[in-house]
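Student: One structure, as structure tokens, below. Some questions next.
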Amino acid sequence: MRTIDAGEVTASIREMSIESNYHVDPAYVRKVEEAKAGETSSLGLMVLDQITENAALASAERVPYCQDTGVSIVFAEVGQDVRIEGGLLEDAINEGIRRGYRDGYLRGSVVNDPLRRVNTRDNTPAVIHYRIVEGDRLKLYFAAKGTGAENMSMARMLKPSDGREGVIRTIVDHVFNSGGNPCPPVLLGIGLGGSIEKAALQAKWALFRELGEPNPDPLVAELEEDILEAVNRTGVGPMGMGGDTTCIAVHVETYACHIGALPICVNVECHAHRHAEVVL
Amino acid sequence: MQSIDLPLDPDVVASLSMGDMCELSGVLYTARDAAHKRMLEDAARGEALPIDVAGQVLYYVGPTPPKPGAVIGSAGPTTSGRMDAYTPRMLELGLTGMIGKGGRSPAVVESIARHRAVYFAAIGGTAALLAKRIKEVELIAYEDLGTEAIRRLVVERFPVVVAVDCRGKDIFAEGFKEFAR
């Protein structure tokens, strides 16, 4: 049994929340840069230019890339031979968010309750997902998830007869109808199979994959490519004002499901792709 | 690229067309979800609004806290569709322009045309860049709303695109057509 101090968790979460908000995923910025060559809309090209310029500026000046510094999403992979000392893991994570959002001049964007809607001012609580895994390490994944894109996410129970084509059509229609709201060019995290909540969790988890890495299952990788191509044929374009660059990458995660079910969830990520991970 | 002074002159509004790239300079006011809700609750009770929106431009933004020495934190546009429920009433009160991101409902587009107003799109997520164009900030009302409080901004060469012009031409409804394959 290995012991990890809760203070270490707090320090790591604090650091990740600040740094990821100042420095968005450089792979995303590279993909936007590459997309400029194929963008035939002059307005779209102007948008892509502003996006890469903004990334460089935020990074150089150490300021938030986007004013929506997101709801804090944490995936904690807890080795079953780890013991946390000095407090609850959940409290340690939330303390890290509290300090990070305060010290990093990040926006508190969380209300205490969906009906009372009083801003907690320090962005707590985080949305935390735990997984028990082998080993004596604690791996923490952090993401700052902006709500423009999160609000354009969707879960639906398709019929098995809808099949692969139904999956593609559902996603393409959905992205088209979302227009400029999710701040395209977007990344699509898609959970396919499982149950309604499993699909949603997989869709979120898919966003943490290294950008543009195909699913190891060739059948799924081919589906990812076909969705990407179809979404980019919609013409929605950068910020929804028309163009060729609507989607940067598609990550699909699958899971076994009921004989009568085809659950699907699309979690949309904006071009402010902020995530980080650490192993303790 | 057109240079435009704020508050907006009605003749300038009439001259703008969907898709025009503009740089705005002058005064505008921030308001997003909670401030809209509260302003219209004030109006419904017959009370004066904390700002006279007649002839003004609202920017849908909730900035990050400023770092020491900065006038404002990062300050890009938020999703305008969430203000759709309030916008026709704001236009009736004389609002001339809005800055946000993403599409508007058909009812709002129709209302913009009826009131000869304009909806500008700023580039969502480019909040560090846009903050550079904000030169002065003054807290006006609803301080308890924090980032959602109403602030008066002075901007210089603030980059936007005409998304819905005063004839009701809407880039979010039409922009994709040329590029759909």
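Here, A, B, ... name the chains of the structure tokens in the order displayed, residue numbers run from 1 inside each chain, and ligands are numbered from 1 in the same displayed order.
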Taking a cut-off of 9 Å and counting only C-alpha atoms, can you build a table that, for each residue of chain B near chain A, reports the nearest atom pair and how far apart they are in Å (one decimal), sorted by chain then residue number, as a tab-separated table?
Tutor:
```
residue	atom	partner	partner_atom	distance
B:Gly19	CA	A:Leu43	CA	7.8
B:Met21	CA	A:Leu43	CA	8.3
B:Val61	CA	A:Gln67	CA	8.2
B:Gly62	CA	A:Gln67	CA	6.9
B:Pro63	CA	A:Gln67	CA	5.3
B:Thr64	CA	A:Arg107	CA	4.6
B:Pro65	CA	A:Tyr105	CA	5.4
B:Pro66	CA	A:Tyr105	CA	6.8
B:Lys67	CA	A:Tyr105	CA	6.3
B:Gly73	CA	A:Gln67	CA	7.5
B:Ser74	CA	A:Gln67	CA	4.9
B:Ala75	CA	A:Gln67	CA	5.2
B:Gly76	CA	A:Gln67	CA	5.9
B:Pro77	CA	A:Gln67	CA	8.3
B:Thr78	CA	A:Gly148	CA	7.2
B:Thr79	CA	A:Asn181	CA	6.1
B:Ser80	CA	A:Asn181	CA	8.2
B:Gly81	CA	A:Asn181	CA	8.0
B:Lys101	CA	A:Asn181	CA	6.8
B:Gly102	CA	A:Gly180	CA	4.4
B:Gly103	CA	A:Gly180	CA	6.4
B:Ile123	CA	A:Val47	CA	6.6
B:Gly124	CA	A:Cys183	CA	5.9
B:Gly125	CA	A:Cys66	CA	4.8
B:Thr126	CA	A:Asn54	CA	5.3
B:Ala127	CA	A:Cys66	CA	4.7
B:Ala128	CA	A:Tyr65	CA	5.6
B:Leu129	CA	A:Asn54	CA	5.3
B:Leu130	CA	A:Asn54	CA	8.6
B:Leu145	CA	A:Asn119	CA	8.0
B:Gly146	CA	A:Arg121	CA	8.2
B:Thr147	CA	A:Arg107	CA	7.6
B:Val161	CA	A:Leu43	CA	8.7
B:Ala163	CA	A:Met241	CA	8.1
B:Ile171	CA	A:Met241	CA	5.8
B:Phe172	CA	A:Met241	CA	5.6
B:Ala173	CA	A:Met241	CA	8.6
B:Glu174	CA	A:Gly242	CA	7.9
B:Gly175	CA	A:Gly242	CA	4.3
B:Phe176	CA	A:Gly242	CA	4.0
B:Lys177	CA	A:Gly235	CA	6.6
B:Glu178	CA	A:Gly235	CA	7.3
B:Phe179	CA	A:Gly235	CA	4.4
B:Ala180	CA	A:Gly235	CA	4.0
B:Arg181	CA	A:Arg233	CA	5.0
```
Student: List the neighbours of Asp52 in chain B out to 9 Å using only C-alpha atoms; skip same-chain residues closer than 5 positions along the sequence, and give me the result as JSON, numbers by chain.
Tutor: {"B": [93, 94, 95]}
Student: Got a sec: who's within 10 Å of Tyr142 in chain B, counting only C-alpha atoms, leaving out chain neighbours fewer than 5 positions off, as a VMD selection string?
Tutor: chain B and resid 34 to 35 38 to 39 50 147 to 151
Student: Store the residues picked out above, limited to C-alpha atoms, as a PDB file, in the first residue's frame.
Tutor:
```pdb
ATOM      1  CA  ALA B  34     -28.510  37.230 -15.228  1.00  0.00           C
ATOM      2  CA  ALA B  35     -28.267  40.956 -16.047  1.00  0.00           C
ATOM      3  CA  ARG B  38     -32.858  41.391 -13.808  1.00  0.00           C
ATOM      4  CA  MET B  39     -33.154  44.375 -16.163  1.00  0.00           C
ATOM      5  CA  PRO B  50     -29.678  50.887 -14.552  1.00  0.00           C
ATOM      6  CA  THR B 147     -18.747  38.526 -13.819  1.00  0.00           C
ATOM      7  CA  GLU B 148     -22.364  39.011 -14.925  1.00  0.00           C
ATOM      8  CA  ALA B 149     -22.585  42.595 -13.602  1.00  0.00           C
ATOM      9  CA  ILE B 150     -23.263  45.419 -16.065  1.00  0.00           C
ATOM     10  CA  ARG B 151     -20.078  47.237 -17.049  1.00  0.00           C
TER      11      ARG B 151
END
```
Student: Write down as a PyMOL selection string the residues of range 192-267 of chain A whose backbone DSSP state falls under helix (DSSP H, G or I).
Tutor: chain A and resi 196-206+218-232+238-240
